[in-house]
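Here is the structure we will look at.
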Amino acid sequence: MTDLTTAELSKAKTVSDDEVSAAVDGFLHDPTMSMFRFASGHTLDPAAAVKALEPAKAAIADPTQGEKYQRGMVRTAILLACPTAP
């Protein structure tokens, strides 16, 4: 595991914003998604990232939360997670 978060990798242009969006879309399509590979070779477990961030976990568990809010919380969880380096 790297010490860098997805957000830091994005800022360094190692991971693109489109890739982050793809990881979010993948998780929202399949909340059990346990592996997302960025073009850089870094990997992330989106399901574990959401589970580790309580507000994101709560947002996904609550069907009354809107899709925009849920998407934002999943994105935050993914950006705060530390992907595994290649």
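Every chain in the structure tokens takes a letter, A first, then B, and so on in the order presented; its residues are numbered from 1, and the ligands are numbered from 1 following the presented order.
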Would you list, as an NGL selection string, the residues of segment 1-83 of chain A that end up in strand (DSSP E) under DSSP run on this structure's backbone? :A and (36-37 or 43-44)
Once you have the residues from the selection above, write them out as an mmCIF file, in the first residue's frame, restricted to N, CA and C atoms.
```
data_model
loop_
_atom_site.group_PDB
_atom_site.id
_atom_site.type_symbol
_atom_site.label_atom_id
_atom_site.label_comp_id
_atom_site.auth_asym_id
_atom_site.auth_seq_id
_atom_site.Cartn_x
_atom_site.Cartn_y
_atom_site.Cartn_z
ATOM 1 N N PHE A 36 -10.590 -2.065 -8.309
ATOM 2 C CA PHE A 36 -10.573 -1.121 -9.418
ATOM 3 C C PHE A 36 -9.113 -0.843 -9.724
ATOM 4 N N ARG A 37 -8.746 -0.993 -10.981
ATOM 5 C CA ARG A 37 -7.357 -0.763 -11.394
ATOM 6 C C ARG A 37 -7.284 0.531 -12.201
ATOM 7 N N THR A 43 -4.197 -0.041 -7.543
ATOM 8 C CA THR A 43 -5.485 -0.701 -7.366
ATOM 9 C C THR A 43 -6.146 -0.217 -6.088
ATOM 10 N N LEU A 44 -7.465 -0.286 -6.081
ATOM 11 C CA LEU A 44 -8.251 0.187 -4.952
ATOM 12 C C LEU A 44 -9.459 -0.724 -4.780
#
```
Residue list (helix (DSSP H, G or I), DSSP) for chain A, as a ChimeraX atom specification: /A:6-11,17-29,46-52,54-61,67-80
If we count only C-alpha atoms and set the cut-off at 10 Å, which residues sit around Ala7 of chain A, ignoring sequence neighbours fewer than 3 positions away in its own chain? Please answer as a ChimeraX atom specification. /A:4,10-17,20,75-76,78-82
Counting only C-alpha atoms, which residue out of A:Gly72, A:Lys51, A:Pro83, A:Asp18 sits closest to Thr32 of chain A?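 For Thr32 of chain A, the nearest of the candidates is A:Lys51.
Those residues that approach Leu28 of chain A to within 10 Å, counting only C-alpha atoms, are Ala22, Ala23, Val24, Thr32, Met33, Pro46, Ala47, Ile60, Glu67, Gln70, Arg71 and Val74 of chain A; same-chain residues fewer than 4 positions away are not listed.
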The selected residues should be written to file as a PDB file, in the first residue's frame (atoms: N, CA and C atoms).
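Below is the file out_35.pdb, written as the result:
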```
ATOM      1  N   ALA A  22     -14.924   6.792 -12.920  1.00  0.00           N
ATOM      2  CA  ALA A  22     -15.199   5.406 -13.315  1.00  0.00           C
ATOM      3  C   ALA A  22     -15.257   4.487 -12.095  1.00  0.00           C
ATOM      4  N   ALA A  23     -14.401   4.734 -11.122  1.00  0.00           N
ATOM      5  CA  ALA A  23     -14.425   3.935  -9.886  1.00  0.00           C
ATOM      6  C   ALA A  23     -15.730   4.176  -9.126  1.00  0.00           C
ATOM      7  N   VAL A  24     -16.161   5.428  -9.080  1.00  0.00           N
ATOM      8  CA  VAL A  24     -17.434   5.764  -8.425  1.00  0.00           C
ATOM      9  C   VAL A  24     -18.589   5.077  -9.147  1.00  0.00           C
ATOM     10  N   THR A  32     -20.504  -4.264  -4.301  1.00  0.00           N
ATOM     11  CA  THR A  32     -19.574  -5.273  -3.794  1.00  0.00           C
ATOM     12  C   THR A  32     -18.234  -5.209  -4.531  1.00  0.00           C
ATOM     13  N   MET A  33     -18.099  -4.268  -5.443  1.00  0.00           N
ATOM     14  CA  MET A  33     -16.879  -4.126  -6.249  1.00  0.00           C
ATOM     15  C   MET A  33     -15.654  -4.026  -5.341  1.00  0.00           C
ATOM     16  N   PRO A  46     -12.988  -0.266  -3.848  1.00  0.00           N
ATOM     17  CA  PRO A  46     -14.001   0.752  -3.591  1.00  0.00           C
ATOM     18  C   PRO A  46     -14.968   0.383  -2.461  1.00  0.00           C
ATOM     19  N   ALA A  47     -15.338  -0.891  -2.368  1.00  0.00           N
ATOM     20  CA  ALA A  47     -16.260  -1.310  -1.304  1.00  0.00           C
ATOM     21  C   ALA A  47     -15.634  -1.095   0.070  1.00  0.00           C
ATOM     22  N   ILE A  60     -24.885   5.332   1.596  1.00  0.00           N
ATOM     23  CA  ILE A  60     -25.223   4.220   0.704  1.00  0.00           C
ATOM     24  C   ILE A  60     -26.294   3.332   1.330  1.00  0.00           C
ATOM     25  N   GLU A  67     -29.296  10.349  -5.200  1.00  0.00           N
ATOM     26  CA  GLU A  67     -28.171   9.795  -5.952  1.00  0.00           C
ATOM     27  C   GLU A  67     -26.983  10.756  -5.967  1.00  0.00           C
ATOM     28  N   GLN A  70     -25.228  10.469  -2.592  1.00  0.00           N
ATOM     29  CA  GLN A  70     -24.538   9.182  -2.503  1.00  0.00           C
ATOM     30  C   GLN A  70     -23.289   9.177  -3.375  1.00  0.00           C
ATOM     31  N   ARG A  71     -23.405   9.686  -4.590  1.00  0.00           N
ATOM     32  CA  ARG A  71     -22.260   9.754  -5.510  1.00  0.00           C
ATOM     33  C   ARG A  71     -21.139  10.592  -4.900  1.00  0.00           C
ATOM     34  N   VAL A  74     -19.448   8.605  -2.059  1.00  0.00           N
ATOM     35  CA  VAL A  74     -18.603   7.527  -2.593  1.00  0.00           C
ATOM     36  C   VAL A  74     -17.321   8.130  -3.167  1.00  0.00           C
TER      37      VAL A  74
END
```
Report the distance between atom CA of Pro63 of chain A and atom CA of Thr6 of chain A in Å, rounded to one decimal place.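 We find that atom CA of Pro63 of chain A and atom CA of Thr6 of chain A lie 26.8 Å from each other.
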Computed interatomic separation between atom CA of Asp45 of chain A and atom CA of Tyr69 of chain A (Å): 20.4 Å
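Using only C-alpha atoms, the shortest contact distance between Gly41 of chain A and any of A:Glu19, A:Asp3, A:Ala56, A:Gly26 is found at A:Glu19.
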